[in-house]
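Before any comments, here is the structure.
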Amino acid sequence: MTKWALFAIVVFIVFTVNGQSVTEWPVLKHYGQEHLSKIVLPIGGIGTGTVNIGGRGDLRQWEIMNTPAKQNPGSYNRNDPGSISPVFCLYTRTNDGKTNVKSLTGPLEYHQYESMNGQPVENHGLPRFRNASFDAAYPFVQVNLSDPDVPLDVKIKAFNPLIPGDADASGIPIAILRFVLTNKTNQLVAISVCGVMDNFIGIDGSKQKPDGKGEQVLYGADKNKNEFRTEGVLKGIYMSSEGVDIHDPAWGTIALTTDANGTISYKTSVSPKGWGSEILSFWDDFSQDGKLTNTSYNQRNKPTGALALSFDIPANSIKEVSFYITWHFPNRFAWSESKVGNYYTTQYCNAWDVIMKTHASMPALEQKTIAFVDAFISSDLPEVVKEAALFNLSTLRSQTVFRTEDGTMFGWEGTMDRVGSCYGSCTHVWNYEQATAFLFGDLSRSMRAIEFGVSTDSVGLMSFRTKLPINKTNKLGKAAADGQMGAIMKMYRDWQLSGDDAFLKELWPKVKRAMEFCWIKNGWDSDKDGVMEGCQHNTMDVEYFGPNPQMQLWYLGALRACEEMAKYLGDKSFAITCRKLFENGSRWTDENLFNGEYYIQQIVPPLKKENVNPLLIVGMGSRNFVTPDFQLGKGCLVDQLVGQYMAHVCGLGYLASPGKIMATLNSIMKYNYRENMWNHFNHHRSYVFDDEPGLIMAAYPSERPEYPFPYYNEVMTGFEYVAAVGMLYEGLTDRGILCIKNIRDRFDGRKRNPFDEAECGHHYARAMDSWAAPLAITRFRYSGVDKLIEFTSVPGTYFWSNGSAWGTVKIQKNNREVTAVLDVLHGAVRLKYFGLEGIGKKELKQEELLVQGQSMNFSF
């Protein structure tokens, strides 16, 4: 057992107080009380939907019913002042007879008091703790509550297992809520912790009454049922429905359970009389003695269930108790008229089955999650780099991502409040993110299987949006230049990380055709000279006409990737073709697009529509083919080097002159960087304001088209990360870190949610390119094909992950000797070579398979 494997066990159970084991969780970021109002952290598995916890400990945005629900805190009804939403409450009684009852939430901020009808937020009338703070190291959250009137300090700990390389363990529909209660008095305290949930099955946050008042249609929720169950050590409320259509996306089951020792009491319903009687009947019952009395109220109209756990805490002691929220909603339709289902619901029968099957494994899954997070945040990386990379992983657990019944991963671009944003696992958006490939390689490869195995037709056209069900995929019939070229590079990356030759061989015919598609008549590179001149639909949602750095470098990167894959498969002729086009295109780009400071577009109008292949016109760009609008022109584009960014991640080398690449990055800082926005005009969407610094999409130091591409004066984090990561790869470290810091300063909990970097919607997929920043600093690269792992030679301890295995490497320098210790903390990795940048690589005597708990030493 290595020291890291041992460390993972040590941190899991750190200390015991009066016989109570207390689990310490890692913390990366602390948010004080003034930075809580915008925090909403998703708690759920990959493809399962989430429960969300707010900065003050409140539960909100129940996105468990196959759709975004940013405005759905449960069945909270803003037209009923006495409605109740899911909440946990605390009852205390000291030996002197003093009692106190509060919701386990922190204080509101003054702006949250504003309400024309006296009900600004859910559960607004419940007493709250005076003091709150929030500690996070995603997926772990700890809300700290205290109040001079309460004899206990409370820490709410919440998480869902997140284990790189294990998508199933990271895809459980569960929110684990743990309450750590510290008796700060010298006397025994009798307490009760109670979870209250209305059965809102059928109410998913997306449906409204025709009158437009915003009240939700019940869809049979008047026949929802709550049932108390006990099985083994688990006790809880099981929620189902006999009225909601069993084919509706909002039909399913929910369970609220606990395994803690103590006296259990419960309610399966509360008063149904309206006018606040629901919350009043609960509060009167619970606040009397901390115990609940189950009544025979008629269960109708979203019955509210409650589960209370009562016990004593000795003086100056700590007690930790856990509650679990599980769910099961099988009817996902996504962007399809037909059901596509959920992978997770094929693993369980219902919400009760979820907790029964996973309860015993939770301690081990928690330990493994701690090991991952601890290893990552202990890396010698800037704090903002770790924060950006780790916190954006929450997007993988949001409604942006889902897995169909066969386990294939799909994604929206992001989510709006009630619907997904921009369907189809859009290639030109998902090209940017690196988190999936380096943490969950099997899910990433499932996306490649769709892109090439299904979405690419016999001509080589890859529909840049995937339709569902799969048999309708090719009906889109439109190609995006950056999307298709980036997919080829992702194919190379995923093959290299996995070393899976069968994966490559199966998809290679379509990969080759996708490359050859560039050369069709009136296409991207009709004259086959290595330069994209044709109509290029792209992630700016318009078509560029003429060579430009953004598409051109994607093209050069795809040529390099195809060259390497073709050589490996023995397709020498195609490898030679790709190499020739790459060399010519690279040379031409440097000579013709570089203006001395950065790369620009040469606008080449097609003159008439007949000169453009119809497969390339999506219809969102200019209608004028003589003097087309919405071009880049001579602008300095923030992500003009995106192809180079991807080439560095893939280990494909430089696509253009290194000197010109460096000059371009300096120009981006010179022209695109704004120290603040006080004097910045933006005619489109605003993601930064006033005194916030950032990188604008395109700057025009000289000549600007009358109508450039529509987003040119916006600021979007996914594009900023590309520039920042490029700077890190080129050694412009301070500048790269500054750009990342500027982003994370905007998402500080006071102004914006640290776990939701928005672009066209919440939880935007592009922002997961933030995972590339650790790759750039550590220079990590793994080739499962060559059995090679490489790192920077800069001394330090670094986390690494290749999509199936992960661990740490510790690099030390002593005089002229450099040593490295490679530890595997999860999975297995095959090695033949170990390399350090700038020093060289060591060849092992024979290929080694390092498995979890093993390590290997190297000296240079």
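Letters for chains follow the order of the structure tokens (A, B, ...), residue numbers begin at 1 for each chain, and ligand numbers begin at 1 in the order shown.
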
Please identify all polymer residues within 12 Å of Glu405 (chain A), counting only C-alpha atoms, omitting same-chain residues fewer than 5 positions from it, and present them as a ChimeraX atom specification.
-> /A:47-48,330-333,339-347,410,469

May I have the residues from that selection written out with C-alpha atoms, as an mmCIF file, in the first residue's frame?
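That gives us selection.cif:
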data_model
loop_
_atom_site.group_PDB
_atom_site.id
_atom_site.type_symbol
_atom_site.label_atom_id
_atom_site.label_comp_id
_atom_site.auth_asym_id
_atom_site.auth_seq_id
_atom_site.Cartn_x
_atom_site.Cartn_y
_atom_site.Cartn_z
ATOM 1 C CA GLY A 47 -27.271 11.721 -15.967
ATOM 2 C CA THR A 48 -29.622 11.528 -12.983
ATOM 3 C CA PRO A 330 -37.496 6.814 -16.053
ATOM 4 C CA ASN A 331 -39.279 8.830 -18.769
ATOM 5 C CA ARG A 332 -36.702 11.093 -20.372
ATOM 6 C CA PHE A 333 -37.544 12.487 -23.786
ATOM 7 C CA LYS A 339 -38.811 8.247 -24.989
ATOM 8 C CA VAL A 340 -35.046 7.760 -24.777
ATOM 9 C CA GLY A 341 -35.065 6.847 -21.083
ATOM 10 C CA ASN A 342 -32.358 7.040 -18.464
ATOM 11 C CA TYR A 343 -29.473 4.675 -17.931
ATOM 12 C CA TYR A 344 -29.702 5.060 -14.155
ATOM 13 C CA THR A 345 -33.319 3.899 -14.029
ATOM 14 C CA THR A 346 -32.305 0.599 -15.652
ATOM 15 C CA GLN A 347 -30.138 -0.048 -12.583
ATOM 16 C CA PHE A 410 -25.552 13.055 -24.605
ATOM 17 C CA PRO A 469 -33.996 8.739 -31.317
#

Please provide as a PyMOL selection string all residues within 9 Å of region 685-699 of chain A, with the sequence filter that same-chain residues fewer than 3 positions apart are discarded (counting only C-alpha atoms).
-> chain A and resi 632+634-639+668-669+671-680+682+702+704+711-717+719-720+723+739+742-743+745-746+758-759

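Secondary structure by DSSP on the backbone puts the following residues of region 575-688 of chain A in strand (DSSP E): Cys636, Leu637, Tyr673 and Arg674 of chain A.
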
For Gly659 (chain A): contacts at 12 Å, only C-alpha atoms, fewer than 4 positions along chain excluded, given as a ChimeraX atom specification = /A:590,594,596-598,654-655,663-666,730

Mind dumping the selected residues with C-alpha atoms as a tab-separated table (two decimals), in the first residue's frame?
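So the final result, stored in result_0.tsv, reads:
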chain	number	residue	atom	x	y	z
A	590	ASP	CA	1.70	31.92	-41.21
A	594	PHE	CA	-0.61	36.54	-39.60
A	596	GLY	CA	2.47	40.82	-37.59
A	597	GLU	CA	0.57	40.67	-34.29
A	598	TYR	CA	-2.14	38.02	-34.65
A	654	TYR	CA	2.58	23.02	-33.10
A	655	LEU	CA	0.20	23.73	-35.95
A	663	ALA	CA	2.87	36.83	-30.41
A	664	THR	CA	-0.83	36.15	-30.91
A	665	LEU	CA	-1.39	35.36	-27.25
A	666	ASN	CA	0.35	38.57	-26.27
A	730	GLU	CA	3.39	28.88	-23.80

Enter the distance from CA of Val354 (chain A) to CA of Ile43 (chain A), in Å, rounded to one decimal.
->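 CA of Ile43 (chain A) lies 15.3 Å from CA of Val354 (chain A).
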
Calculate how many Å separate CA of Pro249 (chain A) from CA of Gly55 (chain A), rounding to one decimal.
->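 Going from CA of Pro249 (chain A) over to CA of Gly55 (chain A) covers 28.8 Å.
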
Leaving out region 376-378 of chain A and any residue of its chain fewer than 3 positions from it, which residues lie within 9 Å of it when counting only C-alpha atoms, given as a list of chain:residue names?
->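 Counting only the stated atoms, we get A:Pro26, A:Val27, A:Leu28, A:Ala137, A:Ala371, A:Phe372, A:Val373, A:Leu381, A:Glu383, A:Lys386, A:Glu387, A:Leu390, A:Thr797, A:Tyr798, A:Phe799, A:Trp800, A:Gly807, A:Thr808.
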
Tell me, as a PyMOL selection string, which residues lie within 10 Å of Ala647 (chain A), counting only C-alpha atoms; anything in the same chain fewer than 4 positions away does not count.
-> chain A and resi 486+489-490+493+553-554+556-558+560-561+641-643+651-655

Using the selection just defined, write its residues with C-alpha atoms as a PDB file, in the first residue's frame.
ATOM      1  CA  GLY A 486     -12.681  19.072 -33.572  1.00  0.00           C
ATOM      2  CA  MET A 489      -9.113  15.575 -32.917  1.00  0.00           C
ATOM      3  CA  LYS A 490     -11.256  14.266 -30.039  1.00  0.00           C
ATOM      4  CA  ARG A 493      -7.362  12.100 -28.059  1.00  0.00           C
ATOM      5  CA  LEU A 553      -6.210  25.684 -36.969  1.00  0.00           C
ATOM      6  CA  TRP A 554      -9.007  23.206 -36.285  1.00  0.00           C
ATOM      7  CA  LEU A 556      -4.658  21.685 -39.365  1.00  0.00           C
ATOM      8  CA  GLY A 557      -5.169  19.844 -36.088  1.00  0.00           C
ATOM      9  CA  ALA A 558      -7.534  17.367 -37.728  1.00  0.00           C
ATOM     10  CA  ARG A 560      -2.319  16.010 -37.939  1.00  0.00           C
ATOM     11  CA  ALA A 561      -4.625  13.694 -36.008  1.00  0.00           C
ATOM     12  CA  LEU A 641      -5.804  29.497 -31.428  1.00  0.00           C
ATOM     13  CA  VAL A 642      -8.416  26.980 -30.289  1.00  0.00           C
ATOM     14  CA  GLY A 643      -7.036  24.350 -32.677  1.00  0.00           C
ATOM     15  CA  GLY A 651       0.211  16.061 -27.887  1.00  0.00           C
ATOM     16  CA  LEU A 652       0.146  16.799 -31.633  1.00  0.00           C
ATOM     17  CA  GLY A 653       2.716  19.587 -31.564  1.00  0.00           C
ATOM     18  CA  TYR A 654       2.580  23.024 -33.101  1.00  0.00           C
ATOM     19  CA  LEU A 655       0.196  23.729 -35.949  1.00  0.00           C
TER      20      LEU A 655
END

So which residues touch region 766-773 of chain A within 10 Å, counting only C-alpha atoms, skipping near sequence neighbours fewer than 2 positions away, as a ChimeraX atom specification?
-> /A:381,385-396,413-414,428-436,438-439,645-646,648-649,716-722,724-729,736-737,740,756-759,763-764,775-780

Of the residues A:Thr94, A:Lys184, A:Met462, A:Tyr599, which is the one nearest to Met662 (chain A), using only C-alpha atoms?
->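 Among A:Thr94, A:Lys184, A:Met462, A:Tyr599, it is A:Tyr599 that comes nearest to Met662 (chain A).
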